[in-house]
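Heads up: the structure comes next, in structure tokens.
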Amino acid sequence: MKKFEIAVIPGDGIGKEVVPAALTVLNTAAEVHGGIRFDFTEFPWSCDYYLKHGQMMPDDGLQILQGFDAIFLGAVGNPRLVPDHISLWGLLIKIRREFEQVINIRPAKCFKGLCSPLVNPNDFDLIVVRENSEGEYSEVGGRIHRGEDELAIQNAVFTRKGTERAMRYAFELAQKRRGHVTSATKSNGIFHSMPFWDEVFNEVKQDYPDVATASIHIDALAAFFVTRPQMFDVIVASNLFGDILTDLGGAIMGSIGIAPAANINLNGKYPSMFEPVHGSAPDIYGKGIANPIGQIWTAKMMLDHFGEEELGNKILKVIEEVTEAGVKTPDMGGSASTREVTGEICRRLKAL
Ligand SMILES: NC(=O)C1=CN([C@@H]2O[C@H](COP(=O)(O)OP(=O)(O)OC[C@H]3O[C@@H](n4cnc5c(N)ncnc54)[C@H](O)[C@@H]3O)[C@@H](O)[C@H]2O)C=CC1
Ligand SMILES: CC(=O)C(=O)O
Ligand SMILES: [K+]
Ligand SMILES: [Mn+2]
């Protein structure tokens with residue numbers, strides 16, 4: 001029996017609805033497999049926790065997490081209780097940084113039974129490799145003065161190491177896929193960091209002569225996501241560009257509630273973290289209608305990471321069967337609840 005120890009952080013809002021749904025699917029998957037067991041340890045770290053303890057996680061939170069095989073997280077943020085930059089930097093981004101989860105991989109593809117809002121949603125199947133440790137997500141800078149003379153400086157940080165690492169990951173991924181990498185740039189408007197980004201891309205690509213490349217400014221690239229997403233295989237992007245592109249990736253699939261993600265630690269020193277692209281969706285929290293598919297597909301990415309691709313593929317196959325059968329939450333144009341979609345996925349998984 002293979003055993004995986006997983007730290008579970010539902011977090012805030014619909015994280016508390018979609019994480020339990022995905023755990024049910026993981027337990028069902030384990031049952032179906034017969035040779036795998038998941039041990040889930042849940043942590044209540046969230047904005048509610050912050051109100052009680054004055055911090056998003058305890059002082060030894062990272063030490064506690066370090067011993068697990070993976071972290072499975074829902075979403076962080078309740079701006080009514082805690083400012084977003086405090087809550088996200090105190091938990092989600094803290095884990096990404098401290099555990100050197102330097103790559104964030106976020107796929108988007110055309111799904112049967114989903115109504116993409118695109119007029120012509122030709123079969124697209126793309127994956128964004130988002131640099132996850134630096135870039136525009138930076139604490140470097142500061143604020144001085146108040147009032148008329150008030151000033152805020154926010155520095156983006158691009159290191160050769162971080163940039164090159166994300167690009168190499170993208171090229172290696174493309175070699176296993178359709179052999180194409182697009183670099184998301186903006187070297188026409190951003191004077192220092194993006195020309196640097198382009199230079200590193202041009203250097204790195206020399207090492208992968210079998211991979212075709214394109215370099216496209218982020219504004220045009222965003223438009224191509226809408227007009228011809230089928231042109232993309234792997235896209236490598238800085239932290240913020242990748243963040244924005246992947247909500248768009250969710251949107252062209254039909255809902256941001258479907259989009260999965262994996263925060264990958266490459267050096268093996270710390271666990272990786274699996275959390276969907278979406279946030280805590282305060283506007284629908286508590287109604288029982290949150291789409292659990294993003295979190296469930298994220299669970300599939302965690303299984304892939306554990307080397308259990310076969311089981312992961314079964315989950316993805318069943319997700320697509322369920323959307324095709326029309327069992328969908330309102331964001332996908334249906335009227336099913338979180339529980340109904342989850343129940344249907346589990347039922348079909350058992351019947352495979
Ligand atoms: N990785 C994370 O934990 C993230 C956290 N956040 C935080 O989440 C909070 C809300 O942020 P927003 O900008 O509103 O983004 P959001 O992703 O939470 O919501 C955007 C829109 O998408 C809908 N939506 C999102 N996930 C859904 C799902 N599974 N099923 C159905 N509909 C879904 C929401 O109802 C909302 O209309 C903020 O505190 C924000 O900072 C935002 C993005 C990522
Ligand atoms: C914070 C956020 O939106 C993200 O990292 O995807
Ligand atoms: K999330
Ligand atoms: Mn985001």
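Order determines the names: the first chain of the structure tokens is A, the second B, and so forth; residues in each chain are numbered 1 upward, and ligands are numbered 1 upward as they are shown.
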At a cut-off of 10 Å, using only C-alpha atoms, what residues contact Gln295 in chain A? Leave out same-chain residues fewer than 3 positions from it and give the result as a ChimeraX atom specification. /A:15,17-23,72-75,257-261,274-278,291-292,298-301
Just the residues within 12 Å of Gly90 in chain A, please, counting only C-alpha atoms, with nothing from its chain fewer than 6 positions along; format it as a PyMOL selection string. chain A and resi 11+45-47+49-50+54-59+61-62+76-77+82-84+96-98
If you run DSSP on the backbone here, which positions in range 22-70 of chain A get strand (DSSP E)? Please write them as a PyMOL selection string. chain A and resi 36-42+70
Write the residues of the preceding selection, restricted to C-alpha atoms, as a PDB file, in the first residue's frame.
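Result file is selection38.pdb:
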ATOM      1  CA  ILE A  36      -2.976   3.820  -2.500  1.00  0.00           C
ATOM      2  CA  ARG A  37      -3.915   5.579   0.699  1.00  0.00           C
ATOM      3  CA  PHE A  38      -4.100   9.289   1.414  1.00  0.00           C
ATOM      4  CA  ASP A  39      -3.643  10.621   4.931  1.00  0.00           C
ATOM      5  CA  PHE A  40      -5.106  14.104   5.111  1.00  0.00           C
ATOM      6  CA  THR A  41      -4.171  16.499   7.917  1.00  0.00           C
ATOM      7  CA  GLU A  42      -6.244  19.647   7.871  1.00  0.00           C
ATOM      8  CA  ALA A  70       2.300  17.708  -0.684  1.00  0.00           C
TER       9      ALA A  70
END
Residues near range 305-314 of chain A, cut-off 12 Å, only C-alpha atoms, skip fewer than 3 positions along chain, as a VMD selection string: chain A and resid 2 to 6 25 to 36 38 69 to 71 105 261 to 266 271 to 274 296 to 302 317 to 321 345 to 346 348 to 352
Dump as a compact mmCIF listing (two decimals), in the first residue's frame, selection limited to N, CA and C atoms:
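Output below, filename selection14.txt:
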# COMPACT_ATOMS: atom_id res chain seq x y z
N LYS A 2 0.73 2.08 -1.03
CA LYS A 2 1.47 3.35 -1.04
C LYS A 2 0.69 4.38 -0.24
N LYS A 3 1.42 5.13 0.61
CA LYS A 3 0.73 6.10 1.46
C LYS A 3 1.25 7.51 1.17
N PHE A 4 0.33 8.45 0.99
CA PHE A 4 0.72 9.84 0.77
C PHE A 4 0.17 10.71 1.91
N GLU A 5 1.09 11.45 2.54
CA GLU A 5 0.71 12.35 3.64
C GLU A 5 0.46 13.74 3.05
N ILE A 6 -0.76 14.21 3.17
CA ILE A 6 -1.10 15.48 2.53
C ILE A 6 -1.60 16.50 3.55
N VAL A 25 -13.31 12.98 -3.75
CA VAL A 25 -12.91 12.36 -5.02
C VAL A 25 -11.58 11.62 -4.85
N LEU A 26 -10.64 12.22 -4.13
CA LEU A 26 -9.35 11.55 -3.91
C LEU A 26 -9.54 10.23 -3.14
N ASN A 27 -10.41 10.25 -2.13
CA ASN A 27 -10.67 9.01 -1.38
C ASN A 27 -11.32 7.96 -2.27
N THR A 28 -12.23 8.41 -3.12
CA THR A 28 -12.87 7.47 -4.06
C THR A 28 -11.83 6.91 -5.02
N ALA A 29 -10.95 7.78 -5.50
CA ALA A 29 -9.89 7.34 -6.42
C ALA A 29 -9.00 6.30 -5.75
N ALA A 30 -8.69 6.52 -4.47
CA ALA A 30 -7.86 5.57 -3.73
C ALA A 30 -8.55 4.21 -3.62
N GLU A 31 -9.84 4.27 -3.37
CA GLU A 31 -10.65 3.04 -3.28
C GLU A 31 -10.61 2.27 -4.61
N VAL A 32 -10.82 3.02 -5.69
CA VAL A 32 -10.83 2.42 -7.03
C VAL A 32 -9.47 1.78 -7.34
N HIS A 33 -8.41 2.46 -6.94
CA HIS A 33 -7.05 2.00 -7.22
C HIS A 33 -6.72 0.76 -6.41
N GLY A 34 -7.03 0.82 -5.12
CA GLY A 34 -6.80 -0.34 -4.25
C GLY A 34 -5.43 -0.39 -3.58
N GLY A 35 -4.43 0.29 -4.17
CA GLY A 35 -3.08 0.20 -3.60
C GLY A 35 -2.53 1.52 -3.10
N ILE A 36 -3.42 2.49 -2.92
CA ILE A 36 -2.98 3.82 -2.50
C ILE A 36 -3.80 4.27 -1.30
N PHE A 38 -4.43 7.89 1.12
CA PHE A 38 -4.10 9.29 1.41
C PHE A 38 -4.36 9.54 2.89
N ASP A 69 4.06 15.18 2.10
CA ASP A 69 4.40 14.86 0.71
C ASP A 69 3.91 15.95 -0.24
N ALA A 70 2.84 16.62 0.15
CA ALA A 70 2.30 17.71 -0.68
C ALA A 70 1.35 18.55 0.17
N ILE A 71 1.09 19.74 -0.34
CA ILE A 71 0.11 20.63 0.30
C ILE A 71 -1.04 20.81 -0.69
N ILE A 105 2.44 25.70 -12.78
CA ILE A 105 1.95 25.22 -14.08
C ILE A 105 0.43 25.20 -14.08
N ALA A 261 -4.07 24.23 -10.96
CA ALA A 261 -2.69 24.73 -10.92
C ALA A 261 -1.85 23.91 -9.96
N ALA A 262 -0.54 23.92 -10.24
CA ALA A 262 0.42 23.26 -9.36
C ALA A 262 1.61 24.17 -9.14
N ASN A 263 1.95 24.39 -7.87
CA ASN A 263 3.13 25.17 -7.50
C ASN A 263 4.25 24.17 -7.22
N ILE A 264 5.22 24.13 -8.12
CA ILE A 264 6.19 23.05 -8.08
C ILE A 264 7.52 23.46 -7.45
N ASN A 265 7.94 22.67 -6.45
CA ASN A 265 9.29 22.80 -5.91
C ASN A 265 10.20 21.89 -6.73
N LEU A 266 11.25 22.47 -7.29
CA LEU A 266 12.10 21.70 -8.21
C LEU A 266 13.28 21.01 -7.52
N PRO A 271 7.91 20.41 0.08
CA PRO A 271 6.78 19.89 -0.70
C PRO A 271 6.27 20.89 -1.73
N SER A 272 5.65 20.38 -2.77
CA SER A 272 4.96 21.22 -3.75
C SER A 272 3.55 21.48 -3.22
N MET A 273 2.89 22.47 -3.82
CA MET A 273 1.55 22.84 -3.35
C MET A 273 0.58 22.88 -4.53
N PHE A 274 -0.58 22.32 -4.31
CA PHE A 274 -1.58 22.21 -5.37
C PHE A 274 -2.80 23.01 -4.99
N ILE A 296 -10.71 19.68 -8.19
CA ILE A 296 -10.60 18.23 -8.48
C ILE A 296 -9.54 17.98 -9.56
N TRP A 297 -9.52 18.82 -10.57
CA TRP A 297 -8.48 18.71 -11.61
C TRP A 297 -7.10 18.99 -10.97
N THR A 298 -7.07 19.90 -9.99
CA THR A 298 -5.84 20.17 -9.24
C THR A 298 -5.38 18.91 -8.50
N ALA A 299 -6.34 18.16 -7.96
CA ALA A 299 -6.01 16.89 -7.29
C ALA A 299 -5.38 15.93 -8.30
N LYS A 300 -5.88 15.94 -9.53
CA LYS A 300 -5.30 15.12 -10.60
C LYS A 300 -3.83 15.52 -10.85
N MET A 301 -3.58 16.83 -10.81
CA MET A 301 -2.19 17.28 -11.02
C MET A 301 -1.30 16.81 -9.88
N MET A 302 -1.86 16.75 -8.68
CA MET A 302 -1.10 16.25 -7.53
C MET A 302 -0.79 14.76 -7.73
N LYS A 317 -10.83 12.07 -17.16
CA LYS A 317 -11.77 11.47 -18.09
C LYS A 317 -13.20 11.57 -17.52
N VAL A 318 -13.31 11.28 -16.24
CA VAL A 318 -14.63 11.31 -15.60
C VAL A 318 -15.15 12.76 -15.51
N ILE A 319 -14.27 13.70 -15.25
CA ILE A 319 -14.70 15.11 -15.20
C ILE A 319 -15.35 15.47 -16.54
N GLU A 320 -14.69 15.07 -17.62
CA GLU A 320 -15.19 15.43 -18.94
C GLU A 320 -16.52 14.72 -19.25
N GLU A 321 -16.63 13.48 -18.78
CA GLU A 321 -17.91 12.77 -18.95
C GLU A 321 -19.04 13.50 -18.24
N ILE A 345 -19.16 12.72 -10.17
CA ILE A 345 -17.78 12.36 -10.50
C ILE A 345 -17.38 11.08 -9.74
N CYS A 346 -17.73 11.02 -8.47
CA CYS A 346 -17.39 9.83 -7.66
C CYS A 346 -18.12 8.59 -8.18
N ARG A 348 -19.21 7.92 -11.19
CA ARG A 348 -18.65 7.45 -12.46
C ARG A 348 -17.24 6.88 -12.29
N LEU A 349 -16.51 7.43 -11.33
CA LEU A 349 -15.16 6.92 -11.05
C LEU A 349 -15.26 5.48 -10.56
N LYS A 350 -16.23 5.22 -9.72
CA LYS A 350 -16.41 3.85 -9.19
C LYS A 350 -16.87 2.90 -10.28
N ALA A 351 -17.61 3.45 -11.26
CA ALA A 351 -18.20 2.61 -12.32
C ALA A 351 -17.21 2.33 -13.45
N LEU A 352 -16.06 3.01 -13.46
CA LEU A 352 -15.10 2.87 -14.58
C LEU A 352 -14.66 1.42 -14.78
Close residues, Ile256 in chain A itself excluded, 10 Å, only C-alpha atoms, min 3 positions apart in chain, as a PyMOL selection string: chain A and resi 108+246-253+259-260+276-279+291+293-294+331-332
Just write the chosen residues, C-alpha atoms, as an mmCIF file, in the first residue's frame.
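Full text of out-v7.cif as output:
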data_model
loop_
_atom_site.group_PDB
_atom_site.id
_atom_site.type_symbol
_atom_site.label_atom_id
_atom_site.label_comp_id
_atom_site.auth_asym_id
_atom_site.auth_seq_id
_atom_site.Cartn_x
_atom_site.Cartn_y
_atom_site.Cartn_z
ATOM 1 C CA ALA A 108 -6.307 25.182 -20.053
ATOM 2 C CA THR A 246 -4.393 31.869 -16.507
ATOM 3 C CA ASP A 247 -7.636 33.483 -15.349
ATOM 4 C CA LEU A 248 -8.161 34.158 -19.043
ATOM 5 C CA GLY A 249 -7.321 30.514 -19.754
ATOM 6 C CA GLY A 250 -10.083 29.542 -17.327
ATOM 7 C CA ALA A 251 -12.497 31.976 -18.909
ATOM 8 C CA ILE A 252 -12.006 30.599 -22.430
ATOM 9 C CA MET A 253 -12.584 27.061 -21.119
ATOM 10 C CA ALA A 259 -8.826 25.898 -13.986
ATOM 11 C CA PRO A 260 -6.234 23.899 -12.004
ATOM 12 C CA PRO A 276 -6.701 25.901 -8.274
ATOM 13 C CA VAL A 277 -6.322 29.148 -10.197
ATOM 14 C CA HIS A 278 -9.415 30.767 -8.702
ATOM 15 C CA GLY A 279 -9.736 32.633 -5.424
ATOM 16 C CA ASN A 291 -17.622 24.652 -9.112
ATOM 17 C CA ILE A 293 -13.819 20.918 -10.927
ATOM 18 C CA GLY A 294 -10.844 23.310 -10.619
ATOM 19 C CA ASP A 331 -20.887 29.137 -13.630
ATOM 20 C CA MET A 332 -20.766 26.424 -16.346
#
What's the 12 Å shell around Phe224 in chain A, counting only C-alpha atoms, without same-chain residues fewer than 5 positions away, as a list in words?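 Listed by chain and then number, they are Leu118, Pro121, Phe124, Thr182, Ala184, Ile216, His217, Ile218, Asp219, Pro229, Gln230, Met231, Phe232, Leu245, Leu248, Gly249 and Ile252 of chain A.
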So how far away is CA of Pro10 in chain A from CA of Ile235 in chain A, in Å? 28.8 Å
Expected answer as a count of residues only: helix (DSSP H, G or I) residues in range 226-291 of chain A: 23
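Between Phe99 in chain A and the candidates A:Ala156, A:Ile9, A:Val200, A:Asn267, the tightest atom-to-atom separation, counting only C-alpha atoms, involves A:Asn267.
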One number please: CA of Phe196 in chain A to CA of Ser215 in chain A, in Å, one decimal.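 Answer for the CA of Phe196 in chain A to CA of Ser215 in chain A separation: 13.1 Å.
Distance check against ligand 3 using only C-alpha atoms and all ligand atoms: of A:Asn104, A:Asn239, A:Ser335, A:Gln175, the minimum falls on A:Asn104.
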Grab the CA of Leu126 in chain A to CA of Arg106 in chain A distance for me, in Å with one decimal place.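 Distance reported for this atom pair: 8.6 Å.
For the set A:His192, A:Lys16, A:Arg347, A:Lys205, the residue with the smallest atom-to-atom gap to Phe171 in chain A is A:Lys205, counting only C-alpha atoms.
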Nearest to ligand 4 among A:Ala336, A:Leu240, A:Leu114, A:Leu92, with distances taken over only C-alpha atoms and all ligand atoms: which residue is it?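 That would be A:Leu240, the residue with the smallest distance to ligand 4.
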Using only C-alpha atoms and all ligand atoms, which residue out of A:Leu151, A:Ile93, A:Asp198, A:Gly189 lies closest to ligand 4? A:Ile93
Would you pick out the contacts of Ala290 in chain A at 7 Å or less, using only C-alpha atoms, so that residues sharing its chain but fewer than 2 positions from it are not included, and give the list as a VMD selection string? chain A and resid 14 18 284 288 292 329 338
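Residue nearest ligand 2 within the list A:Asp210, A:Glu172, A:Glu131, A:Glu340: A:Glu131 [criterion: smallest interatomic distance, only C-alpha atoms and all ligand atoms].
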